[in-house]
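Text of work-v7.txt, listed as compact mmCIF, C-alpha atoms and all ligand atoms:
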# COMPACT_ATOMS: atom_id res chain seq x y z
CA MET A 9 -22.33 -19.40 -10.70
CA SER A 10 -25.97 -18.52 -11.31
CA ARG A 11 -26.65 -14.81 -11.71
CA ARG A 12 -29.17 -13.19 -9.42
CA ALA A 13 -30.85 -9.98 -10.53
CA ILE A 14 -28.90 -8.00 -7.94
CA PRO A 15 -25.22 -8.84 -7.36
CA ASP A 16 -24.04 -9.25 -3.79
CA ALA A 17 -21.25 -6.71 -4.13
CA ALA A 18 -20.28 -3.93 -6.49
CA VAL A 19 -16.61 -3.07 -5.97
CA VAL A 20 -15.71 0.38 -7.29
CA GLY A 21 -12.02 0.84 -8.17
CA GLY A 22 -9.85 -1.84 -9.72
CA GLY A 23 -6.46 -0.85 -8.26
CA MET A 24 -4.54 -3.49 -6.33
CA VAL A 25 -6.94 -3.36 -3.39
CA GLY A 26 -10.25 -3.21 -5.29
CA ALA A 27 -9.20 -5.96 -7.73
CA ALA A 28 -8.05 -8.18 -4.84
CA CYS A 29 -11.35 -7.50 -3.07
CA ALA A 30 -13.48 -8.38 -6.11
CA LEU A 31 -11.51 -11.59 -6.59
CA ALA A 32 -11.66 -12.52 -2.90
CA LEU A 33 -15.43 -11.98 -2.73
CA ALA A 34 -16.03 -13.93 -5.96
CA ARG A 35 -13.81 -16.79 -4.78
CA ALA A 36 -15.86 -16.86 -1.57
CA GLY A 37 -18.97 -17.39 -3.70
CA PHE A 38 -20.40 -13.86 -3.72
CA ASP A 39 -21.86 -12.59 -6.98
CA THR A 40 -19.51 -9.67 -7.58
CA CYS A 41 -18.95 -6.96 -10.15
CA LEU A 42 -15.98 -4.63 -10.48
CA ILE A 43 -16.30 -1.12 -11.86
CA GLU A 44 -13.13 0.71 -12.91
CA ALA A 45 -12.81 4.02 -14.71
CA ARG A 46 -9.52 3.31 -16.52
CA ALA A 47 -8.40 0.03 -18.06
CA PRO A 48 -5.15 -1.01 -16.33
CA ALA A 49 -1.97 -1.08 -18.41
CA PRO A 50 -0.92 -4.69 -19.11
CA TRP A 51 2.34 -5.92 -17.56
CA ARG A 52 4.90 -7.32 -20.00
CA SER A 53 8.28 -8.75 -19.02
CA GLU A 54 10.02 -6.93 -21.88
CA ASP A 55 8.83 -3.51 -20.65
CA GLU A 56 10.95 -1.38 -18.30
CA VAL A 57 10.25 -2.16 -14.64
CA ASP A 58 7.20 -0.12 -13.56
CA LEU A 59 8.26 2.98 -11.63
CA ARG A 60 5.61 2.23 -9.01
CA VAL A 61 6.69 -0.66 -6.80
CA VAL A 62 5.52 -1.75 -3.36
CA ALA A 63 7.04 -3.77 -0.57
CA LEU A 64 4.55 -6.57 0.00
CA ALA A 65 4.42 -8.06 3.49
CA PRO A 66 3.97 -11.80 4.15
CA SER A 67 0.28 -11.20 5.02
CA SER A 68 -0.25 -9.78 1.51
CA ALA A 69 1.56 -12.69 -0.13
CA THR A 70 -0.67 -15.06 1.87
CA LEU A 71 -3.85 -13.38 0.62
CA LEU A 72 -2.59 -13.33 -2.97
CA ARG A 73 -1.64 -17.01 -2.64
CA ASP A 74 -5.17 -17.78 -1.33
CA LEU A 75 -6.52 -15.98 -4.38
CA GLY A 76 -4.34 -18.14 -6.65
CA VAL A 77 -2.29 -15.27 -8.10
CA TRP A 78 0.89 -15.17 -5.99
CA GLU A 79 2.60 -17.93 -7.99
CA ALA A 80 1.97 -16.03 -11.25
CA ILE A 81 3.34 -12.83 -9.69
CA ALA A 82 6.40 -14.54 -8.19
CA ALA A 83 7.14 -16.36 -11.46
CA ALA A 84 7.04 -13.07 -13.38
CA ARG A 85 9.31 -10.70 -11.43
CA VAL A 86 9.61 -10.16 -7.68
CA SER A 87 12.58 -9.42 -5.49
CA PRO A 88 12.64 -10.76 -1.94
CA TYR A 89 14.29 -8.66 0.73
CA ARG A 90 15.88 -10.55 3.57
CA HIS A 91 17.22 -7.67 5.62
CA VAL A 92 16.09 -4.17 6.49
CA HIS A 93 18.72 -1.63 7.52
CA VAL A 94 17.44 1.71 8.78
CA TRP A 95 19.77 4.45 9.92
CA ASP A 96 19.66 8.04 11.05
CA ALA A 97 21.77 10.55 9.13
CA GLU A 98 21.96 12.90 12.11
CA ASN A 99 23.24 10.59 14.83
CA GLY A 100 24.26 7.35 13.08
CA ALA A 101 21.88 5.17 15.14
CA ALA A 102 20.78 2.08 13.19
CA LEU A 103 18.12 -0.58 13.36
CA ASP A 104 18.39 -3.97 11.64
CA PHE A 105 15.85 -6.64 10.85
CA ASP A 106 16.82 -10.03 9.49
CA ALA A 107 14.57 -12.68 7.95
CA ALA A 108 16.57 -15.62 9.31
CA GLN A 109 16.22 -14.25 12.84
CA GLN A 110 12.45 -14.18 12.31
CA GLY A 111 12.55 -17.76 10.99
CA ARG A 112 11.51 -16.62 7.50
CA ASP A 113 12.96 -16.81 3.99
CA ALA A 114 12.12 -13.16 3.37
CA LEU A 115 10.80 -10.17 5.27
CA GLY A 116 8.82 -9.23 2.16
CA TRP A 117 8.96 -8.77 -1.60
CA ILE A 118 9.43 -5.75 -3.86
CA VAL A 119 6.82 -6.03 -6.60
CA GLU A 120 5.65 -3.76 -9.41
CA ASN A 121 2.16 -2.32 -8.83
CA ARG A 122 1.25 -2.94 -12.46
CA LEU A 123 2.23 -6.62 -12.21
CA VAL A 124 0.08 -7.23 -9.12
CA GLN A 125 -2.87 -5.45 -10.70
CA ASP A 126 -2.42 -7.28 -14.02
CA ARG A 127 -2.34 -10.76 -12.46
CA LEU A 128 -5.40 -9.96 -10.33
CA TRP A 129 -7.30 -8.70 -13.38
CA GLN A 130 -6.34 -11.80 -15.36
CA ALA A 131 -7.96 -13.96 -12.68
CA LEU A 132 -11.26 -12.04 -12.52
CA ASP A 133 -13.09 -13.66 -15.44
CA ALA A 134 -12.43 -17.24 -14.32
CA ALA A 135 -13.67 -16.34 -10.84
CA GLY A 136 -16.94 -15.04 -12.34
CA VAL A 137 -16.41 -11.33 -11.60
CA ARG A 138 -18.44 -9.15 -13.94
CA ARG A 139 -16.15 -6.34 -15.13
CA LEU A 140 -17.36 -2.90 -16.14
CA CYS A 141 -14.39 -1.02 -17.55
CA PRO A 142 -14.05 1.72 -18.54
CA ALA A 143 -17.01 2.77 -16.41
CA GLU A 144 -17.22 5.47 -13.80
CA VAL A 145 -19.57 5.60 -10.84
CA ARG A 146 -20.98 9.10 -10.59
CA ASP A 147 -23.34 8.71 -7.64
CA PHE A 148 -25.11 6.20 -5.43
CA ALA A 149 -27.90 5.98 -2.89
CA ALA A 150 -28.91 3.37 -0.32
CA ARG A 151 -32.38 2.03 -1.08
CA GLU A 152 -33.84 -0.41 1.45
CA GLU A 153 -31.97 -3.64 0.73
CA ARG A 154 -29.56 -2.41 -1.94
CA ALA A 155 -27.20 0.29 -3.06
CA ALA A 156 -28.28 1.94 -6.31
CA LEU A 157 -25.34 3.14 -8.44
CA GLU A 158 -25.48 5.69 -11.21
CA LEU A 159 -22.77 5.47 -13.86
CA ALA A 160 -21.33 8.37 -15.85
CA ASP A 161 -22.83 6.99 -19.09
CA GLY A 162 -26.29 7.29 -17.56
CA SER A 163 -26.75 3.56 -16.87
CA ALA A 164 -27.69 2.20 -13.46
CA LEU A 165 -26.72 -0.80 -11.37
CA SER A 166 -27.71 -2.17 -7.97
CA ALA A 167 -25.91 -4.38 -5.46
CA ARG A 168 -26.59 -5.49 -1.93
CA LEU A 169 -23.34 -3.85 -0.92
CA LEU A 170 -21.21 -1.10 -2.43
CA VAL A 171 -17.49 -1.50 -1.71
CA ALA A 172 -15.52 1.69 -2.39
CA ALA A 173 -11.85 1.06 -3.24
CA ASP A 174 -11.62 4.21 -5.32
CA GLY A 175 -8.31 5.52 -3.98
CA ALA A 176 -7.13 8.32 -1.69
CA GLN A 177 -9.29 11.01 -3.34
CA SER A 178 -12.31 8.62 -3.14
CA PRO A 179 -15.20 10.47 -4.77
CA LEU A 180 -17.58 7.89 -3.25
CA ARG A 181 -16.36 8.58 0.29
CA GLY A 182 -17.42 12.18 -0.22
CA ARG A 183 -20.80 11.09 -1.66
CA ALA A 184 -21.34 8.92 1.43
CA GLY A 185 -20.79 12.01 3.59
CA ILE A 186 -17.73 10.52 5.30
CA ALA A 187 -15.17 13.13 6.36
CA THR A 188 -11.43 12.55 6.66
CA ARG A 189 -8.78 13.82 9.03
CA GLY A 190 -5.05 13.97 8.64
CA ARG A 191 -2.49 16.33 7.24
CA ASP A 192 -0.56 17.26 4.17
CA TYR A 193 3.10 16.35 4.76
CA GLY A 194 4.22 19.12 2.41
CA GLN A 195 6.43 16.43 0.89
CA ARG A 196 6.63 14.49 -2.35
CA ALA A 197 7.99 10.99 -2.79
CA VAL A 198 10.43 11.05 -5.70
CA VAL A 199 10.73 7.60 -7.29
CA ALA A 200 13.21 6.19 -9.83
CA HIS A 201 15.18 3.01 -10.46
CA VAL A 202 18.92 3.46 -10.05
CA THR A 203 22.04 1.42 -10.71
CA THR A 204 24.55 1.39 -7.87
CA GLU A 205 28.22 0.37 -7.84
CA ARG A 206 27.71 -2.31 -5.21
CA PRO A 207 24.96 -5.00 -5.05
CA HIS A 208 21.89 -4.37 -2.92
CA GLU A 209 22.30 -7.68 -1.05
CA HIS A 210 18.51 -8.17 -1.04
CA THR A 211 18.30 -5.54 1.66
CA ALA A 212 15.80 -2.71 1.98
CA TRP A 213 17.96 0.28 2.96
CA GLN A 214 16.38 3.36 4.48
CA ARG A 215 18.22 6.46 5.66
CA PHE A 216 16.39 9.15 7.59
CA LEU A 217 17.47 12.68 6.66
CA PRO A 218 16.09 15.91 8.12
CA GLY A 219 13.96 16.52 4.99
CA GLY A 220 12.56 12.97 4.89
CA PRO A 221 13.71 9.36 4.38
CA ILE A 222 15.32 7.86 1.29
CA ALA A 223 14.71 4.15 0.73
CA LEU A 224 16.70 1.98 -1.67
CA LEU A 225 14.65 -1.13 -2.37
CA PRO A 226 16.18 -4.16 -4.10
CA LEU A 227 14.89 -4.96 -7.61
CA ALA A 228 15.16 -8.37 -9.26
CA ASP A 229 17.50 -7.05 -11.97
CA GLY A 230 20.07 -5.83 -9.43
CA ARG A 231 19.04 -2.17 -9.49
CA CYS A 232 17.39 -0.34 -6.60
CA SER A 233 14.06 1.41 -6.63
CA ILE A 234 14.33 4.64 -4.66
CA VAL A 235 11.54 6.31 -2.71
CA TRP A 236 12.89 9.65 -1.58
CA SER A 237 10.55 11.82 0.53
CA LEU A 238 11.45 15.48 0.21
CA PRO A 239 9.85 18.83 1.00
CA ASP A 240 7.84 19.96 -2.07
CA ALA A 241 10.35 22.57 -3.26
CA GLU A 242 13.31 20.18 -2.84
CA ALA A 243 11.42 17.47 -4.74
CA ALA A 244 10.81 19.92 -7.60
CA ARG A 245 14.50 20.79 -7.59
CA VAL A 246 15.80 17.19 -7.76
CA LEU A 247 13.21 16.28 -10.41
CA ALA A 248 14.65 19.04 -12.60
CA LEU A 249 18.29 17.86 -12.27
CA ASP A 250 19.99 16.13 -15.17
CA ASP A 251 20.70 12.42 -14.70
CA ALA A 252 24.31 12.82 -13.59
CA ALA A 253 23.46 15.44 -10.96
CA PHE A 254 20.45 13.39 -9.78
CA CYS A 255 22.63 10.27 -9.40
CA ALA A 256 25.19 12.26 -7.42
CA GLU A 257 22.50 13.56 -5.04
CA VAL A 258 20.92 10.14 -4.57
CA GLY A 259 24.37 8.71 -3.76
CA LEU A 260 24.95 11.43 -1.19
CA ALA A 261 21.48 11.04 0.33
CA GLY A 262 22.09 7.30 0.73
CA ASP A 263 25.55 7.98 2.22
CA PHE A 264 27.08 5.98 -0.67
CA ARG A 265 26.08 2.84 1.23
CA LEU A 266 25.95 0.96 -2.10
CA GLY A 267 28.78 2.98 -3.63
CA ARG A 268 28.16 5.60 -6.28
CA VAL A 269 24.89 5.76 -8.18
CA VAL A 270 25.85 5.37 -11.83
CA ALA A 271 22.56 5.44 -13.74
CA THR A 272 18.92 6.35 -13.31
CA THR A 273 15.59 5.98 -15.08
CA PRO A 274 13.32 9.00 -15.55
CA ARG A 275 11.76 10.13 -12.26
CA ALA A 276 8.22 10.66 -10.98
CA ALA A 277 6.87 12.17 -7.76
CA PHE A 278 3.79 11.65 -5.61
CA PRO A 279 2.37 14.09 -3.02
CA LEU A 280 2.28 12.68 0.50
CA HIS A 281 -0.53 13.07 2.99
CA LEU A 282 -2.14 11.33 5.89
CA LYS A 283 -5.84 10.88 5.28
CA LEU A 284 -7.99 8.76 7.56
CA ALA A 285 -11.72 8.28 6.98
CA GLU A 286 -13.78 9.14 10.06
CA ARG A 287 -15.81 5.97 9.43
CA TYR A 288 -15.45 2.99 7.14
CA ASP A 289 -19.17 2.24 6.79
CA ALA A 290 -22.44 3.85 5.83
CA GLU A 291 -25.74 2.37 4.74
CA ARG A 292 -25.00 -0.48 2.25
CA PHE A 293 -21.50 0.98 1.87
CA VAL A 294 -17.96 0.24 3.02
CA LEU A 295 -14.55 1.79 2.38
CA LEU A 296 -11.25 0.01 2.00
CA GLY A 297 -7.70 0.58 0.78
CA ASP A 298 -6.45 4.13 0.22
CA ALA A 299 -10.07 5.32 0.13
CA ALA A 300 -10.12 4.53 3.86
CA HIS A 301 -6.51 5.36 4.79
CA ALA A 302 -3.72 7.08 2.89
CA VAL A 303 -0.46 6.86 4.86
CA HIS A 304 3.16 8.03 4.63
CA PRO A 305 5.18 5.47 2.62
CA LEU A 306 8.08 5.43 5.13
CA ALA A 307 6.95 2.08 6.54
CA GLY A 308 5.95 0.65 3.12
CA GLN A 309 2.56 -0.44 4.44
CA GLY A 310 -0.22 1.33 2.45
CA VAL A 311 -1.30 -1.51 0.23
CA ASN A 312 -0.55 -4.09 2.92
CA LEU A 313 -3.14 -2.41 5.15
CA GLY A 314 -5.55 -2.35 2.20
CA LEU A 315 -5.12 -6.07 1.60
CA ARG A 316 -5.74 -6.70 5.31
CA ASP A 317 -9.01 -4.77 4.87
CA VAL A 318 -9.87 -7.18 2.04
CA THR A 319 -9.27 -10.27 4.19
CA GLU A 320 -11.35 -8.84 7.04
CA LEU A 321 -14.23 -7.82 4.76
CA ARG A 322 -14.34 -11.22 3.05
CA ASP A 323 -14.29 -13.07 6.38
CA THR A 324 -16.94 -10.80 7.90
CA LEU A 325 -19.28 -11.23 4.92
CA LEU A 326 -18.71 -14.99 4.92
CA ALA A 327 -19.61 -15.19 8.60
CA ALA A 328 -22.78 -13.17 7.96
CA ARG A 329 -23.78 -15.41 5.06
CA ASP A 330 -23.06 -18.59 7.03
CA ALA A 331 -25.30 -17.26 9.80
CA GLY A 332 -28.06 -16.76 7.22
CA GLY A 333 -27.89 -12.96 7.51
CA ASP A 334 -27.88 -10.07 5.09
CA ILE A 335 -24.29 -9.22 4.07
CA GLY A 336 -25.20 -5.54 3.78
CA ALA A 337 -26.84 -5.29 7.23
CA VAL A 338 -25.71 -2.41 9.42
CA HIS A 339 -24.26 -4.60 12.18
CA VAL A 340 -22.24 -6.66 9.67
CA LEU A 341 -20.64 -3.62 8.05
CA ARG A 342 -20.05 -2.06 11.44
CA ARG A 343 -18.12 -5.12 12.62
CA TYR A 344 -15.78 -4.90 9.61
CA ALA A 345 -15.46 -1.14 10.01
CA ARG A 346 -14.71 -1.26 13.74
CA ARG A 347 -12.02 -3.88 13.42
CA ARG A 348 -10.19 -2.43 10.46
CA ARG A 349 -10.52 1.20 11.37
CA SER A 350 -8.93 0.73 14.77
CA ALA A 351 -6.07 -1.38 13.34
CA ASP A 352 -5.44 0.97 10.40
CA THR A 353 -5.62 4.07 12.59
CA LEU A 354 -3.06 2.71 15.02
CA ASP A 355 -0.66 1.94 12.17
CA ALA A 356 -1.25 5.22 10.31
CA LEU A 357 -0.68 7.27 13.47
CA SER A 358 2.47 5.28 14.30
CA PHE A 359 3.89 6.09 10.85
CA ASP A 360 2.93 9.72 11.42
CA VAL A 361 4.74 9.75 14.78
CA LEU A 362 7.83 8.27 13.07
CA ALA A 363 7.70 10.99 10.40
CA ARG A 364 7.52 13.66 13.12
CA VAL A 365 10.23 12.17 15.33
CA PHE A 366 12.64 11.77 12.41
CA ALA A 367 12.02 15.41 11.45
CA TRP A 368 13.38 16.61 14.83
CA GLN A 369 16.51 18.66 14.31
CA ALA A 370 17.19 20.25 17.71
CA GLU A 371 20.34 18.67 19.18
CA PRO A 372 18.93 17.22 22.45
CA LEU A 373 16.02 15.66 20.55
CA VAL A 374 18.33 14.19 17.90
CA ALA A 375 20.41 12.60 20.68
CA LEU A 376 17.26 11.29 22.39
CA ARG A 377 16.08 9.78 19.11
CA GLY A 378 19.48 8.09 18.65
CA LEU A 379 19.22 6.63 22.13
CA GLY A 380 15.74 5.29 21.40
CA VAL A 381 16.75 3.69 18.10
CA ARG A 382 19.85 2.05 19.63
CA LEU A 383 17.82 0.75 22.56
CA LEU A 384 15.15 -0.64 20.28
CA ASP A 385 17.78 -2.39 18.19
CA ARG A 386 18.96 -4.24 21.29
CA LEU A 387 15.52 -5.12 22.64
CA THR A 388 15.16 -8.31 20.66
CA PRO A 389 11.66 -9.33 21.86
CA LEU A 390 10.25 -5.87 21.08
CA LYS A 391 12.01 -5.82 17.72
CA ARG A 392 10.59 -9.25 16.94
CA ARG A 393 7.08 -8.02 17.76
CA LEU A 394 7.56 -5.01 15.53
CA ALA A 395 8.73 -7.23 12.67
CA GLU A 396 5.77 -9.57 13.19
CA HIS A 397 3.40 -6.64 13.17
CA ALA A 398 4.90 -5.31 9.91
CA ALA A 399 4.62 -8.81 8.44
CA GLY A 400 0.94 -8.88 9.41
CA VAL A 401 1.24 -12.00 11.55
C1 LIG A 501 5.80 6.58 -3.46
C2 LIG A 501 4.90 5.54 -2.83
C3 LIG A 501 5.46 4.37 -2.38
C4 LIG A 501 4.65 3.39 -1.79
N1 LIG A 501 5.23 2.25 -1.32
C5 LIG A 501 4.46 1.31 -0.73
C6 LIG A 501 5.03 0.10 -0.22
O1 LIG A 501 6.24 -0.12 -0.29
N2 LIG A 501 4.21 -0.80 0.36
C7 LIG A 501 2.87 -0.59 0.47
O2 LIG A 501 2.17 -1.45 1.04
N3 LIG A 501 2.28 0.52 -0.01
C8 LIG A 501 3.04 1.48 -0.61
N4 LIG A 501 2.46 2.61 -1.12
C9 LIG A 501 1.00 2.76 -1.04
C10 LIG A 501 0.27 2.04 -2.18
O3 LIG A 501 0.81 2.42 -3.43
C11 LIG A 501 -1.22 2.37 -2.10
O4 LIG A 501 -1.67 2.07 -0.80
C12 LIG A 501 -2.03 1.55 -3.10
O5 LIG A 501 -1.57 1.74 -4.41
C13 LIG A 501 -3.52 1.93 -3.01
O6 LIG A 501 -4.27 1.06 -3.82
P1 LIG A 501 -5.86 1.23 -3.94
O7 LIG A 501 -6.29 0.08 -4.81
O8 LIG A 501 -6.47 1.39 -2.60
O9 LIG A 501 -6.08 2.63 -4.68
P2 LIG A 501 -5.69 3.11 -6.17
O10 LIG A 501 -4.50 2.38 -6.68
O11 LIG A 501 -5.63 4.59 -6.11
O12 LIG A 501 -6.94 2.64 -7.06
C14 LIG A 501 -8.16 3.33 -7.09
C15 LIG A 501 -8.85 3.01 -8.40
O13 LIG A 501 -10.19 3.51 -8.38
C16 LIG A 501 -10.53 4.00 -9.66
N5 LIG A 501 -11.64 4.94 -9.49
C17 LIG A 501 -11.65 6.10 -8.79
N6 LIG A 501 -12.87 6.67 -8.82
C18 LIG A 501 -13.66 5.85 -9.55
C19 LIG A 501 -15.02 5.90 -9.93
N7 LIG A 501 -15.84 6.90 -9.55
N8 LIG A 501 -15.53 4.91 -10.71
C20 LIG A 501 -14.72 3.88 -11.09
N9 LIG A 501 -13.42 3.79 -10.75
C21 LIG A 501 -12.89 4.75 -9.99
C22 LIG A 501 -9.24 4.64 -10.18
O14 LIG A 501 -9.22 4.73 -11.59
C23 LIG A 501 -8.18 3.67 -9.63
O15 LIG A 501 -7.83 2.66 -10.54
C24 LIG A 501 3.25 3.60 -1.68
C25 LIG A 501 2.69 4.79 -2.16
C26 LIG A 501 3.51 5.76 -2.72
C27 LIG A 501 2.89 7.05 -3.22
As structure tokens, please, write out the structure in this file.
Ligand SMILES: Cc1cc2nc3c(=O)[nH]c(=O)nc-3n(C[C@H](O)[C@H](O)[C@H](O)COP(=O)(O)OP(=O)(O)OC[C@H]3O[C@@H](n4cnc5c(N)ncnc54)[C@H](O)[C@@H]3O)c2cc1C
Amino acid sequence: MSRRAIPDAAVVGGGMVGAACALALARAGFDTCLIEARAPAPWRSEDEVDLRVVALAPSSATLLRDLGVWEAIAAARVSPYRHVHVWDAENGAALDFDAAQQGRDALGWIVENRLVQDRLWQALDAAGVRRLCPAEVRDFAAREERAALELADGSALSARLLVAADGAQSPLRGRAGIATRGRDYGQRAVVAHVTTERPHEHTAWQRFLPGGPIALLPLADGRCSIVWSLPDAEAARVLALDDAAFCAEVGLAGDFRLGRVVATTPRAAFPLHLKLAERYDAERFVLLGDAAHAVHPLAGQGVNLGLRDVTELRDTLLAARDAGGDIGAVHVLRRYARRRRSADTLDALSFDVLARVFAWQAEPLVALRGLGVRLLDRLTPLKRRLAEHAAGV
């Protein structure tokens, strides 16, 4: 690819979403550079499974396949889940999803964050992405037909479009003057990999408790990755337990569905909040990934939404280029922003409603919730639509 003086796009943030975006834009023929503050840790098969895993939906696998990296991810270490079983600790109501009933091999895949990021980064050079790492963007300004970026080392860079994928705290979102709305859940997600007495059966198990849900996600080595959302003080308490006491509490929280929990890795915890950007676009600037929307992990959709942003942005920019237009023009960015913001907002608010409804503890409301869950489980067409929505199809 010949280099123009000004790249088409400067993507800031090389997490899963930013790296996928840089690769997608480069593969679509845009001159792209990627700026990341911290070099990602390499993924090696002999290392312990990364504590951060995500449930990738079929739409995400499709994008990663389009980008030529899914095969390398799948060959390394992924675990398909073919069933989802969700149940309510307070009233016993349960909801089941099954891949075969959806005509699929899997409802999704549990994958290590570091593996996805590593395989994306490995593909960047061959796609012609210019990498600046470690490099931190300190500021930027829109100047006529370009965005002018200022890096922390004092150097400067321009691009026709600045794509901010710089995570939930997004310093660039603040610089662009874009406010957020949402709330702090007052919860932390405690994560660990645990060994259970019984096999996970390639099922994603999730039990809703009054303090928050616990998910047991199937790993390729037979263990489960837990994501246990707890009020801050409770999270601090379980983090401080010794391994045996922690295993006992995880077993209890999961209602011993997979038998006793017999071993655990060290734990980590992540604060949970809902944060939605008021807009996704500004002059020569767009947001995507967690920089645009940070959501509760109860539906396992954060990065899946981010990867849908990537697909939409690539397709919008391609359409603008094919029409002979400027990819950084206001109306182009607005089209991307309108489409993704409405879709992401709907999903984020639905997850928020779920978090609120499952926090109800008053008896009549608990019974009402049980009725709703049981009804939904029987309404096959509605359940199918929900599953298709989660799959991104
Ligand atoms: C416990 C938990 C479980 C989850 N489970 C799931 C799941 O099952 N499924 C799912 O889809 N999602 C899940 N998520 C959400 C998912 O992890 C996030 O949506 C995803 O990691 C966000 O990726 P990102 O690339 O947008 O941001 P990040 O991963 O935060 O990347 C942002 C990058 O930008 C860089 N950066 C920041 N500022 C600058 C700057 N000024 N200059 C240069 N670089 C900069 C940072 O160094 C960082 O690498 C979960 C989240 C949590 C907390």
- Find the residue from A:Ala47, A:Ile234, A:Leu247, A:Val145 that sits nearest to Leu306 in chain A; use all atoms listed in the file when measuring.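 Checking each candidate against Leu306 in chain A, we get A:Ile234 as the closest.
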Once 5 Å is added on each side, what are the centre and the three edge lengths, in Å to one decimal, of the axis-aligned box enclosing the listed atoms of range 193-207 of chain A? Present them as JSON.
{"center_x": 15.7, "center_y": 7.1, "center_z": -3.0, "size_x": 35.1, "size_y": 34.1, "size_z": 25.5}
- Task: Anything within 12 Å of (3.8, 9.9, 13.5): list those residues as a VMD selection string, counting only C-alpha atoms and sticking to the file's coordinates.
- Result: chain A and resid 190 to 191 193 281 to 282 303 to 307 353 to 368
- Grab me every residue within 7 Å of ligand LIG 501 (chain A), counting only C-alpha atoms and all ligand atoms, and send it over as an MDAnalysis selection string. chainID A and resid 20:26 43:46 60:64 143:146 173:176 178:180 197:199 235 278 280 296:299 302 305 308:314
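The gap separating CA of Glu291 in chain A from CA of Ser166 in chain A is 13.6 Å, in Å to one decimal.
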- Message: Could you tell me how far CA of Val57 in chain A sits from CA of Asp229 in chain A, in Å to one decimal place?
- Response: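 These two atoms are separated by 9.1 Å.
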- Smallest atom-to-atom distance to Ala228 in chain A: which of A:Ala328, A:Val119, A:Leu383, A:Leu42, using only C-alpha atoms? A:Val119
- Could you pull the residues within 10 Å of His93 in chain A, counting all atoms listed in the file, minus those fewer than 5 positions along the same chain, as a PyMOL selection string? chain A and resi 102-106+211-215+223
- Which protein, DNA or RNA residues are at most 8 Å from (26.2, 1.1, -10.2) in the file's coordinates when you count only C-alpha atoms, listed as a ChimeraX atom specification? /A:202-206,231,267-271
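Considering all atoms listed in the file, the residue among A:Pro274, A:Pro15, A:Gly194, A:Pro207 positioned nearest to Val246 in chain A is A:Pro274.
Nearest residue to Arg168 in chain A, choosing from A:Ala18, A:Ala351, A:Leu321, A:Ala36 and counting all atoms listed in the file: A:Ala18.
What separates CA of Asp58 in chain A from CA of Arg85 in chain A is a distance of 11.0 Å.
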- Nearest candidate to Gly262 in chain A (options A:Leu165, A:Cys232, A:Leu387, A:Val171; using only C-alpha atoms): A:Cys232
- Item | Among the residues A:Gly380, A:Gly111, A:Pro239, A:Pro66, the one that comes closest to Arg392 in chain A [using only C-alpha atoms] | A:Gly111
- Item | Selection: 10 Å around Gly185 in chain A, all atoms listed in the file, excl. self and same-chain fewer than 3 positions, as a list in words |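 The residues satisfying every condition are Leu180, Arg181, Gly182, Thr188, Glu286, Arg287 and Ala290 of chain A.
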Atoms kept (C-alpha atoms) for selection, written as a PDB file, in the coordinates of the input:
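And here's out-v1.pdb as it stands now:
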ATOM      1  CA  LEU A 180     -17.580   7.890  -3.250  1.00  0.00           C
ATOM      2  CA  ARG A 181     -16.360   8.580   0.290  1.00  0.00           C
ATOM      3  CA  GLY A 182     -17.420  12.180  -0.220  1.00  0.00           C
ATOM      4  CA  THR A 188     -11.430  12.550   6.660  1.00  0.00           C
ATOM      5  CA  GLU A 286     -13.780   9.140  10.060  1.00  0.00           C
ATOM      6  CA  ARG A 287     -15.810   5.970   9.430  1.00  0.00           C
ATOM      7  CA  ALA A 290     -22.440   3.850   5.830  1.00  0.00           C
TER       8      ALA A 290
END
- Task: For Ala241 in chain A, please output as a PyMOL selection string all residues within 9 Å (counting all atoms listed in the file; exclusion window: fewer than 4 positions along the same chain).
- Result: chain A and resi 195-196+245-246
